[in-house]
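Heads up, structure_5.cif below (mmCIF, N, CA and C atoms):
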data_query
loop_
_atom_site.label_atom_id
_atom_site.label_comp_id
_atom_site.auth_asym_id
_atom_site.auth_seq_id
_atom_site.Cartn_x
_atom_site.Cartn_y
_atom_site.Cartn_z
N MET A 1 0.85 -1.18 0.00
CA MET A 1 0.00 0.00 0.00
C MET A 1 0.88 1.23 0.00
N GLY A 2 0.55 2.18 -0.84
CA GLY A 2 1.31 3.42 -0.90
C GLY A 2 1.00 4.32 0.28
N LYS A 3 1.87 5.26 0.50
CA LYS A 3 1.68 6.20 1.60
C LYS A 3 1.83 7.60 1.04
N LEU A 4 0.91 8.47 1.43
CA LEU A 4 0.92 9.85 0.99
C LEU A 4 0.88 10.72 2.23
N THR A 5 1.78 11.65 2.29
CA THR A 5 1.82 12.58 3.42
C THR A 5 1.41 13.95 2.93
N ILE A 6 0.46 14.55 3.63
CA ILE A 6 -0.03 15.87 3.28
C ILE A 6 0.14 16.78 4.49
N ASP A 7 0.70 17.95 4.27
CA ASP A 7 0.83 18.92 5.36
C ASP A 7 -0.50 19.64 5.55
N VAL A 8 -1.00 19.60 6.78
CA VAL A 8 -2.26 20.24 7.12
C VAL A 8 -2.00 21.13 8.33
N SER A 9 -2.55 22.31 8.33
CA SER A 9 -2.31 23.24 9.43
C SER A 9 -2.89 22.71 10.74
N ASP A 10 -2.26 23.08 11.83
CA ASP A 10 -2.73 22.70 13.15
C ASP A 10 -4.16 23.19 13.38
N GLU A 11 -4.45 24.37 12.85
CA GLU A 11 -5.79 24.94 12.99
C GLU A 11 -6.85 24.00 12.40
N LEU A 12 -6.56 23.40 11.28
CA LEU A 12 -7.50 22.48 10.66
C LEU A 12 -7.58 21.17 11.44
N ILE A 13 -6.45 20.65 11.85
CA ILE A 13 -6.42 19.40 12.61
C ILE A 13 -7.18 19.53 13.92
N GLU A 14 -7.12 20.69 14.54
CA GLU A 14 -7.79 20.91 15.83
C GLU A 14 -9.31 20.86 15.71
N LEU A 15 -9.84 20.88 14.51
CA LEU A 15 -11.29 20.79 14.32
C LEU A 15 -11.80 19.36 14.52
N PHE A 16 -10.89 18.42 14.68
CA PHE A 16 -11.25 17.02 14.85
C PHE A 16 -10.86 16.57 16.26
N PRO A 17 -11.58 15.57 16.77
CA PRO A 17 -11.27 15.06 18.12
C PRO A 17 -9.86 14.46 18.24
N SER A 18 -9.34 13.93 17.12
CA SER A 18 -8.01 13.31 17.14
C SER A 18 -7.39 13.36 15.75
N LYS A 19 -6.10 13.15 15.68
CA LYS A 19 -5.42 13.09 14.38
C LYS A 19 -5.90 11.89 13.59
N LYS A 20 -6.19 10.80 14.30
CA LYS A 20 -6.70 9.60 13.63
C LYS A 20 -8.02 9.90 12.92
N GLU A 21 -8.92 10.63 13.57
CA GLU A 21 -10.19 10.97 12.96
C GLU A 21 -9.99 11.96 11.80
N ALA A 22 -9.06 12.88 11.94
CA ALA A 22 -8.77 13.82 10.86
C ALA A 22 -8.26 13.06 9.63
N LYS A 23 -7.41 12.07 9.86
CA LYS A 23 -6.87 11.27 8.76
C LYS A 23 -7.99 10.48 8.07
N ALA A 24 -8.88 9.89 8.86
CA ALA A 24 -9.99 9.13 8.29
C ALA A 24 -10.90 10.03 7.48
N GLU A 25 -11.17 11.22 7.99
CA GLU A 25 -12.04 12.18 7.28
C GLU A 25 -11.39 12.63 5.97
N ALA A 26 -10.09 12.84 5.98
CA ALA A 26 -9.40 13.26 4.76
C ALA A 26 -9.46 12.15 3.71
N LYS A 27 -9.28 10.93 4.13
CA LYS A 27 -9.36 9.79 3.19
C LYS A 27 -10.77 9.69 2.62
N GLN A 28 -11.76 9.82 3.48
CA GLN A 28 -13.15 9.75 3.04
C GLN A 28 -13.46 10.86 2.03
N ALA A 29 -12.99 12.06 2.32
CA ALA A 29 -13.24 13.19 1.41
C ALA A 29 -12.59 12.94 0.06
N MET A 30 -11.40 12.38 0.04
CA MET A 30 -10.70 12.10 -1.21
C MET A 30 -11.45 11.04 -2.01
N VAL A 31 -11.87 9.99 -1.33
CA VAL A 31 -12.60 8.90 -2.00
C VAL A 31 -13.91 9.42 -2.58
N PHE A 32 -14.66 10.20 -1.79
CA PHE A 32 -15.95 10.69 -2.27
C PHE A 32 -15.81 11.73 -3.37
N ASP A 33 -14.71 12.45 -3.39
CA ASP A 33 -14.47 13.36 -4.50
C ASP A 33 -14.26 12.56 -5.78
N LEU A 34 -13.58 11.44 -5.68
CA LEU A 34 -13.38 10.58 -6.85
C LEU A 34 -14.70 9.99 -7.33
N VAL A 35 -15.59 9.64 -6.40
CA VAL A 35 -16.92 9.16 -6.77
C VAL A 35 -17.68 10.26 -7.49
N ARG A 36 -17.68 11.45 -6.91
CA ARG A 36 -18.42 12.58 -7.48
C ARG A 36 -17.97 12.87 -8.91
N ARG A 37 -16.67 12.73 -9.16
CA ARG A 37 -16.13 13.02 -10.50
C ARG A 37 -16.17 11.82 -11.44
N GLY A 38 -16.73 10.70 -10.97
CA GLY A 38 -16.88 9.53 -11.82
C GLY A 38 -15.59 8.75 -12.04
N LYS A 39 -14.59 8.97 -11.20
CA LYS A 39 -13.31 8.28 -11.35
C LYS A 39 -13.34 6.86 -10.78
N ILE A 40 -14.19 6.64 -9.76
CA ILE A 40 -14.35 5.31 -9.16
C ILE A 40 -15.84 5.07 -8.91
N SER A 41 -16.20 3.81 -8.81
CA SER A 41 -17.58 3.43 -8.54
C SER A 41 -17.89 3.53 -7.05
N LYS A 42 -19.15 3.48 -6.73
CA LYS A 42 -19.55 3.47 -5.33
C LYS A 42 -19.08 2.19 -4.64
N GLY A 43 -19.11 1.09 -5.37
CA GLY A 43 -18.61 -0.16 -4.81
C GLY A 43 -17.13 -0.08 -4.47
N LYS A 44 -16.36 0.54 -5.35
CA LYS A 44 -14.92 0.72 -5.10
C LYS A 44 -14.71 1.64 -3.91
N ALA A 45 -15.55 2.67 -3.79
CA ALA A 45 -15.44 3.59 -2.66
C ALA A 45 -15.64 2.85 -1.35
N ALA A 46 -16.66 2.00 -1.30
CA ALA A 46 -16.92 1.22 -0.08
C ALA A 46 -15.72 0.33 0.23
N GLU A 47 -15.16 -0.30 -0.79
CA GLU A 47 -13.98 -1.16 -0.61
C GLU A 47 -12.80 -0.36 -0.06
N LEU A 48 -12.53 0.79 -0.65
CA LEU A 48 -11.40 1.61 -0.21
C LEU A 48 -11.56 2.12 1.22
N LEU A 49 -12.81 2.37 1.60
CA LEU A 49 -13.07 2.87 2.96
C LEU A 49 -13.25 1.74 3.97
N GLY A 50 -13.28 0.50 3.48
CA GLY A 50 -13.42 -0.64 4.37
C GLY A 50 -14.79 -0.70 5.03
N ILE A 51 -15.83 -0.32 4.28
CA ILE A 51 -17.18 -0.36 4.82
C ILE A 51 -18.07 -1.18 3.89
N SER A 52 -19.23 -1.54 4.40
CA SER A 52 -20.21 -2.27 3.62
C SER A 52 -20.86 -1.33 2.61
N LEU A 53 -21.22 -1.88 1.46
CA LEU A 53 -21.94 -1.10 0.47
C LEU A 53 -23.26 -0.60 1.03
N TRP A 54 -23.82 -1.33 1.98
CA TRP A 54 -25.08 -0.94 2.61
C TRP A 54 -24.91 0.31 3.48
N ASP A 55 -23.72 0.56 3.98
CA ASP A 55 -23.46 1.73 4.82
C ASP A 55 -23.13 2.98 4.00
N LEU A 56 -22.89 2.79 2.72
CA LEU A 56 -22.42 3.88 1.88
C LEU A 56 -23.45 4.99 1.64
N PRO A 57 -24.73 4.70 1.40
CA PRO A 57 -25.67 5.79 1.11
C PRO A 57 -25.71 6.89 2.16
N GLU A 58 -25.63 6.52 3.41
CA GLU A 58 -25.65 7.52 4.49
C GLU A 58 -24.44 8.45 4.41
N LEU A 59 -23.28 7.88 4.15
CA LEU A 59 -22.08 8.70 4.03
C LEU A 59 -22.11 9.57 2.77
N LEU A 60 -22.60 9.01 1.68
CA LEU A 60 -22.70 9.78 0.45
C LEU A 60 -23.60 11.00 0.65
N ALA A 61 -24.66 10.83 1.41
CA ALA A 61 -25.59 11.93 1.67
C ALA A 61 -24.89 13.08 2.39
N GLN A 62 -23.93 12.76 3.25
CA GLN A 62 -23.19 13.81 3.96
C GLN A 62 -22.37 14.66 2.99
N TYR A 63 -22.05 14.11 1.84
CA TYR A 63 -21.28 14.83 0.82
C TYR A 63 -22.17 15.30 -0.34
N ASP A 64 -23.48 15.21 -0.14
CA ASP A 64 -24.46 15.60 -1.17
C ASP A 64 -24.23 14.87 -2.49
N ILE A 65 -23.91 13.58 -2.37
CA ILE A 65 -23.74 12.74 -3.55
C ILE A 65 -24.93 11.79 -3.59
N PRO A 66 -25.75 11.87 -4.63
CA PRO A 66 -26.93 11.00 -4.70
C PRO A 66 -26.54 9.53 -4.88
N TRP A 67 -27.31 8.66 -4.29
CA TRP A 67 -27.07 7.22 -4.44
C TRP A 67 -27.35 6.82 -5.89
N PHE A 68 -28.46 7.34 -6.43
CA PHE A 68 -28.81 7.07 -7.82
C PHE A 68 -28.59 8.34 -8.61
N ASN A 69 -27.81 8.28 -9.63
CA ASN A 69 -27.60 9.45 -10.49
C ASN A 69 -27.54 9.00 -11.95
N TYR A 70 -28.61 8.33 -12.34
CA TYR A 70 -28.71 7.86 -13.71
C TYR A 70 -28.98 9.01 -14.66
N SER A 71 -28.30 8.99 -15.76
CA SER A 71 -28.67 9.88 -16.85
C SER A 71 -29.84 9.21 -17.57
N ALA A 72 -30.51 9.96 -18.40
CA ALA A 72 -31.63 9.40 -19.16
C ALA A 72 -31.16 8.23 -20.02
N ASP A 73 -29.98 8.36 -20.63
CA ASP A 73 -29.44 7.28 -21.46
C ASP A 73 -29.11 6.05 -20.65
N ASP A 74 -28.52 6.24 -19.46
CA ASP A 74 -28.21 5.11 -18.59
C ASP A 74 -29.48 4.37 -18.17
N LEU A 75 -30.50 5.13 -17.81
CA LEU A 75 -31.76 4.54 -17.39
C LEU A 75 -32.39 3.75 -18.54
N LYS A 76 -32.40 4.34 -19.74
CA LYS A 76 -32.96 3.65 -20.90
C LYS A 76 -32.21 2.35 -21.17
N HIS A 77 -30.88 2.40 -21.09
CA HIS A 77 -30.06 1.21 -21.32
C HIS A 77 -30.39 0.13 -20.29
N ASP A 78 -30.48 0.50 -19.03
CA ASP A 78 -30.76 -0.48 -17.98
C ASP A 78 -32.16 -1.06 -18.12
N VAL A 79 -33.15 -0.24 -18.47
CA VAL A 79 -34.51 -0.74 -18.66
C VAL A 79 -34.53 -1.76 -19.81
N GLU A 80 -33.83 -1.43 -20.88
CA GLU A 80 -33.76 -2.37 -22.02
C GLU A 80 -33.06 -3.66 -21.62
N THR A 81 -32.00 -3.54 -20.86
CA THR A 81 -31.25 -4.73 -20.41
C THR A 81 -32.13 -5.62 -19.54
N PHE A 82 -32.82 -5.03 -18.58
CA PHE A 82 -33.63 -5.80 -17.64
C PHE A 82 -34.89 -6.35 -18.29
N SER A 83 -35.33 -5.75 -19.38
CA SER A 83 -36.54 -6.24 -20.04
C SER A 83 -36.29 -7.59 -20.72
N HIS A 84 -35.04 -7.98 -20.88
CA HIS A 84 -34.71 -9.26 -21.51
C HIS A 84 -34.73 -10.42 -20.52
N PHE A 85 -34.93 -10.13 -19.25
CA PHE A 85 -34.92 -11.20 -18.24
C PHE A 85 -36.29 -11.79 -18.05
#
Structure encoded using structure tokens:
Amino acid sequence: MGKLTIDVSDELIELFPSKKEAKAEAKQAMVFDLVRRGKISKGKAAELLGISLWDLPELLAQYDIPWFNYSADDLKHDVETFSHF
């Protein structure tokens, strides 16, 4: 596993109960930014954060990321796919 060190001001770190929680929050923010930009899937986000996919919607809501964000084309494709079953 790679390691990334980021310098963060003491003022920002003090907003968290501990450095461990600040680190976890930073990782979560990075992962959810990747989800928001379409770089990784929600399933991959859950894997990277070490949580269940079932726990993900609540966390996504904290970042204003919708659980379902189908485009009209995606929805049409999925409806056509499922109609063959």
(request) Return as a PyMOL selection string the full set of residues in chain A whose backbone-based DSSP assignment is alpha helix (DSSP H). (result) chain A and resi 10-13+19-36+42-49+56-62+72-82
(message) List as a list in words the residues having at least one atom at most 12 Å from position (-19.1, 11.4, -11.7) as given in the file, counting only C-alpha atoms.
(response) Val31, Phe32, Asp33, Leu34, Val35, Arg36, Arg37, Gly38, Lys39, Ile40, Ser41, Lys42, Ile65, Pro66, Trp67, Phe68, Asn69, Tyr70 and Ser71 of chain A
(request) Give the answer as one residue: which of A:Glu80, A:Ala46, A:Asp7, A:Ser52 has the shortest atom-to-atom distance to Gln28 in chain A, using only C-alpha atoms? (result) A:Ala46
